[in-house]
$ cat data_14.tsv   # TSV, C-alpha atoms
chain	number	residue	atom	x	y	z
A	28	GLY	CA	-32.39	10.14	11.40
A	29	GLY	CA	-30.34	13.04	10.13
A	30	SER	CA	-29.29	14.48	6.85
A	31	ASN	CA	-25.93	14.07	5.20
A	32	GLU	CA	-26.20	17.58	3.74
A	33	SER	CA	-24.10	18.99	6.59
A	34	VAL	CA	-21.23	16.60	5.85
A	35	PRO	CA	-18.84	18.08	3.28
A	36	ALA	CA	-18.68	16.19	0.01
A	37	ALA	CA	-14.92	16.06	0.41
A	38	LEU	CA	-15.32	13.71	3.37
A	39	THR	CA	-17.40	11.26	1.39
A	40	ASN	CA	-15.79	11.44	-2.05
A	41	SER	CA	-12.28	12.88	-2.08
A	42	PRO	CA	-11.23	13.66	1.46
A	43	LEU	CA	-8.04	15.45	0.45
A	44	SER	CA	-9.49	17.50	-2.43
A	45	PRO	CA	-9.68	20.74	-0.36
A	46	ILE	CA	-5.86	20.68	-0.21
A	47	GLY	CA	-5.60	21.59	-3.90
A	48	PHE	CA	-2.95	19.04	-4.81
A	49	ASP	CA	-2.63	20.51	-8.31
A	50	ASP	CA	-0.63	23.29	-6.62
A	51	PHE	CA	1.90	20.73	-5.38
A	52	MET	CA	1.83	17.69	-7.65
A	53	VAL	CA	2.31	16.95	-11.34
A	54	LYS	CA	1.81	13.79	-13.35
A	55	ALA	CA	5.05	12.18	-14.40
A	56	PRO	CA	5.70	9.36	-16.81
A	57	PRO	CA	6.93	6.19	-15.10
A	58	SER	CA	10.36	6.77	-16.65
A	59	ALA	CA	10.64	10.01	-14.61
A	60	THR	CA	10.18	8.17	-11.33
A	61	GLY	CA	13.32	6.10	-11.70
A	62	GLU	CA	11.29	2.90	-11.63
A	63	ALA	CA	12.76	0.14	-13.75
A	64	ALA	CA	10.69	-1.20	-16.62
A	65	ILE	CA	8.58	-4.18	-15.64
A	66	SER	CA	8.70	-7.22	-17.88
A	67	ASP	CA	5.45	-8.60	-19.23
A	68	GLN	CA	6.93	-12.12	-19.31
A	69	LEU	CA	7.14	-14.70	-16.54
A	70	PRO	CA	10.63	-14.75	-15.03
A	71	PHE	CA	10.79	-18.51	-15.52
A	72	ASP	CA	9.81	-21.13	-18.09
A	73	VAL	CA	8.66	-24.46	-16.76
A	74	SER	CA	6.45	-25.31	-19.73
A	75	GLY	CA	8.79	-28.12	-20.80
A	76	HIS	CA	8.67	-29.86	-17.43
A	77	ALA	CA	6.71	-33.13	-17.30
A	78	SER	CA	4.51	-31.81	-14.46
A	79	ALA	CA	3.51	-28.82	-16.60
A	80	GLN	CA	1.84	-30.94	-19.27
A	81	SER	CA	-1.54	-31.50	-17.65
A	82	VAL	CA	-4.55	-29.38	-18.60
A	83	VAL	CA	-4.62	-27.80	-15.14
A	84	ALA	CA	-0.90	-26.96	-15.22
A	85	LYS	CA	-1.20	-25.44	-18.71
A	86	ASP	CA	-4.21	-23.38	-17.61
A	87	LEU	CA	-2.30	-22.21	-14.54
A	88	LEU	CA	0.74	-21.15	-16.58
A	89	GLN	CA	-1.51	-19.37	-19.06
A	90	ARG	CA	-3.23	-17.52	-16.21
A	91	LEU	CA	0.12	-16.58	-14.63
A	92	SER	CA	1.37	-15.26	-17.98
A	93	ALA	CA	-1.79	-13.22	-18.48
A	94	ASP	CA	-1.58	-11.82	-14.93
A	95	VAL	CA	2.07	-10.82	-15.34
A	96	ALA	CA	1.32	-9.12	-18.67
A	97	LEU	CA	-1.68	-7.29	-17.16
A	98	HIS	CA	0.39	-6.13	-14.19
A	99	ALA	CA	3.21	-4.88	-16.43
A	100	ASP	CA	0.73	-3.03	-18.66
A	101	GLY	CA	-0.91	-1.45	-15.62
A	102	ARG	CA	2.43	-0.26	-14.23
A	103	ARG	CA	3.51	1.12	-17.62
A	104	ASN	CA	0.28	3.10	-17.93
A	105	ALA	CA	-0.10	4.06	-14.27
A	106	GLU	CA	-0.48	7.71	-13.38
A	107	THR	CA	2.45	8.64	-11.24
A	108	TRP	CA	2.41	11.85	-9.27
A	109	VAL	CA	5.47	13.67	-7.99
A	110	LEU	CA	5.89	16.79	-5.90
A	111	ILE	CA	6.64	19.83	-8.02
A	112	GLY	CA	10.37	20.40	-7.84
A	113	LEU	CA	11.05	16.96	-6.38
A	114	SER	CA	11.05	14.53	-9.27
A	115	ASP	CA	13.89	12.01	-9.11
A	116	GLU	CA	15.81	14.05	-11.68
A	117	GLN	CA	15.30	17.30	-9.76
A	118	VAL	CA	16.32	15.69	-6.48
A	119	GLN	CA	19.52	14.44	-8.13
A	120	THR	CA	20.20	17.94	-9.45
A	121	HIS	CA	19.70	19.47	-5.99
A	122	ALA	CA	21.78	16.75	-4.33
A	123	PHE	CA	24.76	17.49	-6.55
A	124	GLY	CA	24.59	21.25	-6.15
A	125	GLY	CA	22.61	22.09	-9.26
A	126	GLY	CA	19.36	24.00	-9.49
A	127	GLY	CA	20.49	26.81	-7.19
A	128	ALA	CA	19.45	27.76	-3.70
A	129	GLU	CA	16.51	29.80	-5.00
A	130	SER	CA	15.01	26.76	-6.71
A	131	LEU	CA	15.39	24.64	-3.59
A	132	SER	CA	13.99	27.45	-1.45
A	133	SER	CA	10.82	27.54	-3.58
A	134	VAL	CA	10.41	23.78	-3.08
A	135	PHE	CA	10.65	24.22	0.69
A	136	GLN	CA	8.16	27.09	0.59
A	137	ARG	CA	5.73	24.94	-1.39
A	138	LEU	CA	6.15	22.12	1.13
A	139	ASP	CA	5.48	24.56	4.00
A	140	VAL	CA	2.23	25.62	2.33
A	141	LEU	CA	1.26	21.97	1.80
A	142	GLU	CA	1.99	21.21	5.46
A	143	ARG	CA	-0.19	24.15	6.60
A	144	ARG	CA	-3.04	23.06	4.34
A	145	LEU	CA	-2.85	19.49	5.62
A	146	LYS	CA	-2.83	20.65	9.24
A	147	ASN	CA	-5.78	22.99	8.61
A	148	LEU	CA	-7.73	20.18	6.96
A	149	ALA	CA	-6.95	17.85	9.85
A	150	GLU	CA	-8.25	20.46	12.30
A	151	GLN	CA	-11.41	20.98	10.23
A	152	ASP	CA	-11.97	17.22	10.15
A	153	ARG	CA	-11.47	17.00	13.91
A	154	GLU	CA	-13.96	19.83	14.52
A	155	LEU	CA	-16.49	18.21	12.19
A	156	ALA	CA	-16.08	14.85	13.92
A	157	LEU	CA	-16.59	16.41	17.35
A	158	ALA	CA	-19.60	18.42	16.17
A	159	THR	CA	-21.14	15.35	14.57
A	160	LEU	CA	-20.40	12.92	17.39
A	161	ASP	CA	-23.27	13.99	19.66
A	162	ARG	CA	-25.73	13.64	16.78
A	163	VAL	CA	-24.38	10.20	15.85
A	164	VAL	CA	-24.67	8.98	19.46
A	165	MET	CA	-28.20	10.38	19.71
A	166	ASP	CA	-29.25	8.70	16.44
A	167	ALA	CA	-27.60	5.41	17.46
A	168	ASN	CA	-29.44	5.41	20.78
A	169	GLN	CA	-32.81	6.37	19.32
A	170	LEU	CA	-35.29	3.69	20.33
A	171	PRO	CA	-38.63	3.21	18.62
A	172	PRO	CA	-41.74	3.33	20.81
A	173	VAL	CA	-42.58	0.06	22.52
A	174	GLU	CA	-45.91	-1.45	21.83
A	175	GLY	CA	-47.30	-4.40	23.64
A	176	SER	CA	-47.64	-5.43	27.21
A	177	PRO	CA	-47.26	-3.15	30.21
A	178	ALA	CA	-44.22	-5.26	31.22
A	179	ALA	CA	-42.49	-4.49	27.89
A	180	ARG	CA	-43.20	-0.76	28.27
A	181	SER	CA	-41.95	-0.86	31.88
A	182	GLU	CA	-38.74	-2.61	30.81
A	183	ARG	CA	-38.23	0.05	28.13
A	184	VAL	CA	-38.71	2.91	30.63
A	185	GLN	CA	-36.26	1.26	33.04
A	186	PHE	CA	-33.69	0.94	30.27
A	187	GLN	CA	-34.09	4.60	29.32
A	188	LEU	CA	-33.74	5.71	32.94
A	189	ARG	CA	-30.60	3.58	33.45
A	190	ARG	CA	-29.13	4.96	30.24
A	191	ALA	CA	-29.93	8.54	31.28
A	192	ALA	CA	-28.18	7.86	34.59
A	193	ARG	CA	-25.24	6.37	32.65
A	194	GLN	CA	-25.71	3.03	34.36
A	195	TYR	CA	-26.41	1.20	31.10
A	196	SER	CA	-25.55	1.93	27.51

$ encode --input "data_14.tsv" --output "C-alpha coordinates"
Amino acid sequence: GGSNESVPAALTNSPLSPIGFDDFMVKAPPSATGEAAISDQLPFDVSGHASAQSVVAKDLLQRLSADVALHADGRRNAETWVLIGLSDEQVQTHAFGGGGAESLSSVFQRLDVLERRLKNLAEQDRELALATLDRVVMDANQLPPVEGSPAARSERVQFQLRRAARQYS
(Lines of atoms letter the chains of each structure in order from A and count residues from 1; the text may use other names and numbers.)
(Lines give C-alpha, C1' and ligand atoms only; values in the text may rest on other atoms or scores of the structure.)
Protein backbone atom coordinates (compact mmCIF):
# COMPACT_ATOMS: atom_id res chain seq x y z
CA GLY A 1 0.00 0.00 0.00
CA GLY A 2 0.99 3.61 -0.42
CA SER A 3 0.53 6.85 1.37
CA ASN A 4 -1.91 9.58 0.48
CA GLU A 5 0.57 12.22 1.67
CA SER A 6 1.76 12.78 -1.90
CA VAL A 7 -1.76 13.58 -3.11
CA PRO A 8 -2.54 17.29 -2.72
CA ALA A 9 -5.31 18.05 -0.27
CA ALA A 10 -6.99 20.08 -3.00
CA LEU A 11 -7.69 16.89 -4.94
CA THR A 12 -9.44 15.26 -2.01
CA ASN A 13 -11.23 18.22 -0.43
CA SER A 14 -11.67 21.22 -2.70
CA PRO A 15 -10.26 20.40 -6.11
CA LEU A 16 -10.60 23.94 -7.44
CA SER A 17 -9.28 25.78 -4.36
CA PRO A 18 -5.82 26.41 -5.91
CA ILE A 19 -7.55 28.64 -8.48
CA GLY A 20 -8.23 31.32 -5.86
CA PHE A 21 -11.84 31.97 -6.79
CA ASP A 22 -12.02 34.90 -4.37
CA ASP A 23 -10.06 36.82 -7.02
CA PHE A 24 -12.86 36.24 -9.52
CA MET A 25 -16.12 35.67 -7.66
CA VAL A 26 -18.25 37.52 -5.12
CA LYS A 27 -21.32 36.49 -3.18
CA ALA A 28 -24.47 38.12 -4.41
CA PRO A 29 -27.93 38.19 -2.91
CA PRO A 30 -30.48 36.20 -4.92
CA SER A 31 -32.10 39.48 -5.96
CA ALA A 32 -28.87 40.42 -7.78
CA THR A 33 -29.01 37.31 -9.95
CA GLY A 34 -32.26 38.26 -11.63
CA GLU A 35 -33.92 35.13 -10.29
CA ALA A 36 -37.60 35.59 -9.53
CA ALA A 37 -38.76 35.09 -5.97
CA ILE A 38 -39.90 31.55 -5.28
CA SER A 39 -43.22 31.08 -3.55
CA ASP A 40 -43.35 29.01 -0.39
CA GLN A 41 -46.93 27.95 -1.18
CA LEU A 42 -48.16 25.10 -3.36
CA PRO A 43 -49.25 26.40 -6.76
CA PHE A 44 -52.57 24.60 -6.39
CA ASP A 45 -55.18 23.88 -3.72
CA VAL A 46 -56.91 20.53 -3.90
CA SER A 47 -57.64 20.29 -0.18
CA GLY A 48 -61.38 20.68 -0.80
CA HIS A 49 -61.56 17.80 -3.24
CA ALA A 50 -63.30 14.64 -1.99
CA SER A 51 -60.21 12.51 -2.78
CA ALA A 52 -58.07 14.77 -0.59
CA GLN A 53 -59.99 13.97 2.59
CA SER A 54 -58.33 10.68 3.54
CA VAL A 55 -55.56 10.57 6.14
CA VAL A 56 -53.02 9.57 3.50
CA ALA A 57 -54.05 12.39 1.15
CA LYS A 58 -53.91 14.96 3.96
CA ASP A 59 -50.46 13.70 5.00
CA LEU A 60 -49.29 13.89 1.39
CA LEU A 61 -50.53 17.47 0.96
CA GLN A 62 -48.92 18.45 4.26
CA ARG A 63 -45.62 16.92 3.13
CA LEU A 64 -45.83 18.66 -0.25
CA SER A 65 -46.50 22.00 1.47
CA ALA A 66 -43.56 21.50 3.82
CA ASP A 67 -41.26 20.52 0.93
CA VAL A 68 -42.25 23.56 -1.13
CA ALA A 69 -41.70 25.87 1.85
CA LEU A 70 -38.31 24.27 2.58
CA HIS A 71 -37.25 24.60 -1.06
CA ALA A 72 -38.30 28.26 -1.20
CA ASP A 73 -36.45 29.01 2.05
CA GLY A 74 -33.34 27.27 0.74
CA ARG A 75 -33.40 29.26 -2.51
CA ARG A 76 -33.95 32.55 -0.65
CA ASN A 77 -30.97 31.86 1.62
CA ALA A 78 -28.72 30.21 -0.97
CA GLU A 79 -25.25 31.59 -1.51
CA THR A 80 -25.07 32.77 -5.06
CA TRP A 81 -21.73 33.54 -6.63
CA VAL A 82 -21.18 35.78 -9.63
CA LEU A 83 -18.09 36.70 -11.58
CA ILE A 84 -16.69 40.06 -10.53
CA GLY A 85 -17.86 42.59 -13.09
CA LEU A 86 -20.46 40.24 -14.54
CA SER A 87 -23.47 40.39 -12.27
CA ASP A 88 -26.77 40.61 -14.14
CA GLU A 89 -26.88 44.35 -13.47
CA GLN A 90 -23.31 44.87 -14.70
CA VAL A 91 -23.94 42.80 -17.83
CA GLN A 92 -27.00 44.95 -18.59
CA THR A 93 -24.91 48.09 -18.11
CA HIS A 94 -22.21 46.79 -20.47
CA ALA A 95 -24.80 45.61 -23.01
CA PHE A 96 -26.33 49.07 -23.25
CA GLY A 97 -23.04 50.91 -23.55
CA GLY A 98 -22.55 51.86 -19.92
CA GLY A 99 -19.59 51.08 -17.71
CA GLY A 100 -16.99 52.15 -20.27
CA ALA A 101 -14.51 50.17 -22.31
CA GLU A 102 -11.97 50.25 -19.47
CA SER A 103 -14.37 48.49 -17.12
CA LEU A 104 -15.18 45.82 -19.69
CA SER A 105 -11.49 45.43 -20.50
CA SER A 106 -10.72 44.68 -16.84
CA VAL A 107 -13.44 41.99 -16.85
CA PHE A 108 -11.85 40.35 -19.90
CA GLN A 109 -8.41 40.53 -18.29
CA ARG A 110 -9.76 38.86 -15.16
CA LEU A 111 -11.37 36.14 -17.28
CA ASP A 112 -8.06 35.59 -19.11
CA VAL A 113 -6.30 35.10 -15.77
CA LEU A 114 -9.03 32.69 -14.64
CA GLU A 115 -8.69 30.72 -17.89
CA ARG A 116 -4.89 30.46 -17.44
CA ARG A 117 -5.28 29.30 -13.84
CA LEU A 118 -7.84 26.67 -14.85
CA LYS A 119 -5.62 25.40 -17.66
CA ASN A 120 -2.59 25.27 -15.35
CA LEU A 121 -4.58 23.35 -12.75
CA ALA A 122 -5.82 20.92 -15.40
CA GLU A 123 -2.23 20.31 -16.51
CA GLN A 124 -1.09 19.77 -12.90
CA ASP A 125 -3.95 17.31 -12.37
CA ARG A 126 -3.02 15.47 -15.57
CA GLU A 127 0.64 15.24 -14.51
CA LEU A 128 -0.36 14.00 -11.05
CA ALA A 129 -2.68 11.39 -12.55
CA LEU A 130 0.04 10.12 -14.89
CA ALA A 131 2.63 10.07 -12.11
CA THR A 132 0.26 8.22 -9.81
CA LEU A 133 -1.07 5.75 -12.37
CA ASP A 134 1.91 3.38 -12.29
CA ARG A 135 1.73 3.21 -8.50
CA VAL A 136 -2.02 2.56 -8.56
CA VAL A 137 -1.62 -0.26 -11.10
CA MET A 138 1.22 -1.77 -9.05
CA ASP A 139 -0.82 -1.61 -5.83
CA ALA A 140 -3.91 -3.03 -7.58
CA ASN A 141 -1.90 -5.96 -8.93
CA GLN A 142 -0.09 -6.70 -5.67
CA LEU A 143 -0.80 -10.30 -4.78
CA PRO A 144 -0.27 -11.72 -1.30
CA PRO A 145 2.01 -14.74 -0.99
CA VAL A 146 0.32 -18.06 -1.66
CA GLU A 147 0.36 -20.61 1.05
CA GLY A 148 -0.78 -24.13 0.64
CA SER A 149 -0.21 -26.86 -1.83
CA PRO A 150 2.54 -26.94 -4.44
CA ALA A 151 -0.21 -26.82 -7.10
CA ALA A 152 -1.54 -23.52 -5.69
CA ARG A 153 1.97 -22.01 -5.63
CA SER A 154 2.58 -23.25 -9.20
CA GLU A 155 -0.68 -21.70 -10.39
CA ARG A 156 0.32 -18.41 -8.75
CA VAL A 157 3.75 -18.41 -10.43
CA GLN A 158 2.14 -19.15 -13.81
CA PHE A 159 -0.27 -16.26 -13.33
CA GLN A 160 2.57 -13.89 -12.45
CA LEU A 161 4.59 -14.99 -15.47
CA ARG A 162 1.61 -14.55 -17.83
CA ARG A 163 0.93 -11.13 -16.35
CA ALA A 164 4.59 -10.12 -16.74
CA ALA A 165 4.41 -11.21 -20.38
CA ARG A 166 1.17 -9.21 -20.74
CA GLN A 167 -0.75 -12.35 -21.65
CA TYR A 168 -3.07 -12.07 -18.66
CA SER A 169 -4.14 -9.19 -16.49

$ atom_distance --input "data_14.tsv" --atom1 "CA of Pro45 (chain A)" --atom2 "CA of Arg103 (chain A)"
29.3 Å

$ closest_residue --input "data_14.tsv" --among "A:Ala77, A:Leu113, A:Ile65, A:Leu43" --to "Leu145 (chain A)" --atoms "all atoms listed in the file"
A:Leu43

$ residues_near_point --input "data_14.tsv" --point "(2.6, 24.6, 0.7)" --cutoff "12 Å" --atoms "only C-alpha atoms" --output "PyMOL selection string"
chain A and resi 46-52+110-111+132-147

$ axis_aligned_box --input "data_14.tsv" --around "region 162-168 of chain A" --padding-each-side "6 Å" --output "JSON"
{"center_x": -26.9, "center_y": 9.5, "center_z": 18.3, "size_x": 17.1, "size_y": 20.2, "size_z": 16.9}

$ closest_residue --input "data_14.tsv" --among "A:Pro42, A:Gln68, A:Lys85, A:Gly101" --to "Ala149 (chain A)" --atoms "all atoms listed in the file"
A:Pro42

$ closest_residue --input "data_14.tsv" --among "A:Arg90, A:Lys54, A:Arg190, A:Arg102" --to "Met165 (chain A)" --atoms "all atoms listed in the file"
A:Arg190

$ atom_distance --input "data_14.tsv" --atom1 "CA of Leu131 (chain A)" --atom2 "CA of Glu150 (chain A)"
28.8 Å

$ closest_residue --input "data_14.tsv" --among "A:Asp152, A:Leu69, A:Gln117, A:Ala55" --to "Ala105 (chain A)" --atoms "only C-alpha atoms"
A:Ala55

$ closest_residue --input "data_14.tsv" --among "A:Ser44, A:Ser66, A:Gln119, A:Gln185" --to "Asp100 (chain A)" --atoms "only C-alpha atoms"
A:Ser66

$ atom_distance --input "data_14.tsv" --atom1 "CA of Val53 (chain A)" --atom2 "CA of Val95 (chain A)"
28.1 Å

$ decode --input "data_14.tsv" --residues "region 83-97 of chain A" --atoms "all heavy atoms" --output "PDB file, in the first residue's frame"
ATOM      1  N   VAL A  83     -54.195   9.642   4.373  1.00  0.00           N
ATOM      2  CA  VAL A  83     -53.016   9.567   3.497  1.00  0.00           C
ATOM      3  C   VAL A  83     -52.935  10.810   2.607  1.00  0.00           C
ATOM      4  O   VAL A  83     -51.862  11.408   2.460  1.00  0.00           O
ATOM      5  CB  VAL A  83     -53.055   8.277   2.643  1.00  0.00           C
ATOM      6  CG1 VAL A  83     -51.955   8.283   1.599  1.00  0.00           C
ATOM      7  CG2 VAL A  83     -52.961   7.047   3.521  1.00  0.00           C
ATOM      8  N   ALA A  84     -54.039  11.214   2.021  1.00  0.00           N
ATOM      9  CA  ALA A  84     -54.052  12.387   1.147  1.00  0.00           C
ATOM     10  C   ALA A  84     -53.687  13.647   1.931  1.00  0.00           C
ATOM     11  O   ALA A  84     -52.909  14.486   1.449  1.00  0.00           O
ATOM     12  CB  ALA A  84     -55.419  12.538   0.484  1.00  0.00           C
ATOM     13  N   LYS A  85     -54.242  13.777   3.133  1.00  0.00           N
ATOM     14  CA  LYS A  85     -53.909  14.955   3.962  1.00  0.00           C
ATOM     15  C   LYS A  85     -52.429  14.958   4.333  1.00  0.00           C
ATOM     16  O   LYS A  85     -51.783  16.011   4.308  1.00  0.00           O
ATOM     17  CB  LYS A  85     -54.792  14.985   5.212  1.00  0.00           C
ATOM     18  CG  LYS A  85     -56.234  15.345   4.912  1.00  0.00           C
ATOM     19  CD  LYS A  85     -57.065  15.338   6.167  1.00  0.00           C
ATOM     20  CE  LYS A  85     -58.513  15.659   5.838  1.00  0.00           C
ATOM     21  NZ  LYS A  85     -59.363  15.659   7.025  1.00  0.00           N
ATOM     22  N   ASP A  86     -51.898  13.788   4.685  1.00  0.00           N
ATOM     23  CA  ASP A  86     -50.465  13.699   5.004  1.00  0.00           C
ATOM     24  C   ASP A  86     -49.612  14.065   3.778  1.00  0.00           C
ATOM     25  O   ASP A  86     -48.601  14.758   3.895  1.00  0.00           O
ATOM     26  CB  ASP A  86     -50.095  12.293   5.478  1.00  0.00           C
ATOM     27  CG  ASP A  86     -50.546  12.017   6.903  1.00  0.00           C
ATOM     28  OD1 ASP A  86     -50.942  12.976   7.603  1.00  0.00           O
ATOM     29  OD2 ASP A  86     -50.494  10.840   7.318  1.00  0.00           O
ATOM     30  N   LEU A  87     -50.033  13.603   2.617  1.00  0.00           N
ATOM     31  CA  LEU A  87     -49.291  13.893   1.390  1.00  0.00           C
ATOM     32  C   LEU A  87     -49.300  15.393   1.092  1.00  0.00           C
ATOM     33  O   LEU A  87     -48.256  15.977   0.777  1.00  0.00           O
ATOM     34  CB  LEU A  87     -49.893  13.113   0.219  1.00  0.00           C
ATOM     35  CG  LEU A  87     -49.237  13.340  -1.141  1.00  0.00           C
ATOM     36  CD1 LEU A  87     -47.786  12.901  -1.121  1.00  0.00           C
ATOM     37  CD2 LEU A  87     -49.994  12.590  -2.212  1.00  0.00           C
ATOM     38  N   LEU A  88     -50.447  16.026   1.205  1.00  0.00           N
ATOM     39  CA  LEU A  88     -50.533  17.466   0.965  1.00  0.00           C
ATOM     40  C   LEU A  88     -49.707  18.251   1.984  1.00  0.00           C
ATOM     41  O   LEU A  88     -49.052  19.244   1.638  1.00  0.00           O
ATOM     42  CB  LEU A  88     -51.991  17.929   0.985  1.00  0.00           C
ATOM     43  CG  LEU A  88     -52.819  17.540  -0.237  1.00  0.00           C
ATOM     44  CD1 LEU A  88     -54.288  17.885  -0.030  1.00  0.00           C
ATOM     45  CD2 LEU A  88     -52.271  18.213  -1.486  1.00  0.00           C
ATOM     46  N   GLN A  89     -49.722  17.782   3.228  1.00  0.00           N
ATOM     47  CA  GLN A  89     -48.925  18.447   4.258  1.00  0.00           C
ATOM     48  C   GLN A  89     -47.434  18.318   3.932  1.00  0.00           C
ATOM     49  O   GLN A  89     -46.679  19.274   4.048  1.00  0.00           O
ATOM     50  CB  GLN A  89     -49.224  17.847   5.631  1.00  0.00           C
ATOM     51  CG  GLN A  89     -48.505  18.539   6.760  1.00  0.00           C
ATOM     52  CD  GLN A  89     -48.872  17.950   8.124  1.00  0.00           C
ATOM     53  OE1 GLN A  89     -49.645  17.000   8.231  1.00  0.00           O
ATOM     54  NE2 GLN A  89     -48.308  18.530   9.162  1.00  0.00           N
ATOM     55  N   ARG A  90     -47.021  17.135   3.496  1.00  0.00           N
ATOM     56  CA  ARG A  90     -45.621  16.916   3.135  1.00  0.00           C
ATOM     57  C   ARG A  90     -45.232  17.768   1.929  1.00  0.00           C
ATOM     58  O   ARG A  90     -44.158  18.366   1.895  1.00  0.00           O
ATOM     59  CB  ARG A  90     -45.383  15.432   2.840  1.00  0.00           C
ATOM     60  CG  ARG A  90     -44.030  15.089   2.260  1.00  0.00           C
ATOM     61  CD  ARG A  90     -42.903  15.403   3.256  1.00  0.00           C
ATOM     62  NE  ARG A  90     -41.607  15.339   2.633  1.00  0.00           N
ATOM     63  CZ  ARG A  90     -40.844  14.256   2.582  1.00  0.00           C
ATOM     64  NH1 ARG A  90     -41.270  13.136   3.128  1.00  0.00           N
ATOM     65  NH2 ARG A  90     -39.672  14.300   1.994  1.00  0.00           N
ATOM     66  N   LEU A  91     -46.104  17.829   0.917  1.00  0.00           N
ATOM     67  CA  LEU A  91     -45.827  18.662  -0.253  1.00  0.00           C
ATOM     68  C   LEU A  91     -45.679  20.132   0.140  1.00  0.00           C
ATOM     69  O   LEU A  91     -44.766  20.823  -0.321  1.00  0.00           O
ATOM     70  CB  LEU A  91     -46.930  18.507  -1.305  1.00  0.00           C
ATOM     71  CG  LEU A  91     -46.937  17.209  -2.096  1.00  0.00           C
ATOM     72  CD1 LEU A  91     -48.212  17.101  -2.938  1.00  0.00           C
ATOM     73  CD2 LEU A  91     -45.708  17.115  -2.970  1.00  0.00           C
ATOM     74  N   SER A  92     -46.566  20.606   1.013  1.00  0.00           N
ATOM     75  CA  SER A  92     -46.498  21.999   1.467  1.00  0.00           C
ATOM     76  C   SER A  92     -45.192  22.268   2.207  1.00  0.00           C
ATOM     77  O   SER A  92     -44.539  23.298   1.994  1.00  0.00           O
ATOM     78  CB  SER A  92     -47.680  22.329   2.380  1.00  0.00           C
ATOM     79  OG  SER A  92     -48.873  22.303   1.656  1.00  0.00           O
ATOM     80  N   ALA A  93     -44.812  21.336   3.076  1.00  0.00           N
ATOM     81  CA  ALA A  93     -43.561  21.496   3.822  1.00  0.00           C
ATOM     82  C   ALA A  93     -42.359  21.485   2.882  1.00  0.00           C
ATOM     83  O   ALA A  93     -41.419  22.278   3.041  1.00  0.00           O
ATOM     84  CB  ALA A  93     -43.429  20.390   4.873  1.00  0.00           C
ATOM     85  N   ASP A  94     -42.373  20.594   1.891  1.00  0.00           N
ATOM     86  CA  ASP A  94     -41.261  20.520   0.935  1.00  0.00           C
ATOM     87  C   ASP A  94     -41.142  21.793   0.106  1.00  0.00           C
ATOM     88  O   ASP A  94     -40.042  22.293  -0.131  1.00  0.00           O
ATOM     89  CB  ASP A  94     -41.426  19.313   0.013  1.00  0.00           C
ATOM     90  CG  ASP A  94     -41.113  17.994   0.701  1.00  0.00           C
ATOM     91  OD1 ASP A  94     -40.619  18.018   1.849  1.00  0.00           O
ATOM     92  OD2 ASP A  94     -41.369  16.940   0.090  1.00  0.00           O
ATOM     93  N   VAL A  95     -42.268  22.329  -0.340  1.00  0.00           N
ATOM     94  CA  VAL A  95     -42.252  23.561  -1.128  1.00  0.00           C
ATOM     95  C   VAL A  95     -41.729  24.720  -0.282  1.00  0.00           C
ATOM     96  O   VAL A  95     -40.907  25.520  -0.740  1.00  0.00           O
ATOM     97  CB  VAL A  95     -43.656  23.864  -1.709  1.00  0.00           C
ATOM     98  CG1 VAL A  95     -43.744  25.288  -2.241  1.00  0.00           C
ATOM     99  CG2 VAL A  95     -44.000  22.864  -2.789  1.00  0.00           C
ATOM    100  N   ALA A  96     -42.166  24.807   0.962  1.00  0.00           N
ATOM    101  CA  ALA A  96     -41.700  25.874   1.851  1.00  0.00           C
ATOM    102  C   ALA A  96     -40.196  25.732   2.131  1.00  0.00           C
ATOM    103  O   ALA A  96     -39.463  26.727   2.124  1.00  0.00           O
ATOM    104  CB  ALA A  96     -42.484  25.846   3.163  1.00  0.00           C
ATOM    105  N   LEU A  97     -39.732  24.512   2.332  1.00  0.00           N
ATOM    106  CA  LEU A  97     -38.306  24.269   2.576  1.00  0.00           C
ATOM    107  C   LEU A  97     -37.473  24.644   1.354  1.00  0.00           C
ATOM    108  O   LEU A  97     -36.428  25.286   1.467  1.00  0.00           O
ATOM    109  CB  LEU A  97     -38.085  22.806   2.945  1.00  0.00           C
ATOM    110  CG  LEU A  97     -36.662  22.409   3.306  1.00  0.00           C
ATOM    111  CD1 LEU A  97     -36.216  23.117   4.581  1.00  0.00           C
ATOM    112  CD2 LEU A  97     -36.577  20.900   3.501  1.00  0.00           C
TER     113      LEU A  97
END
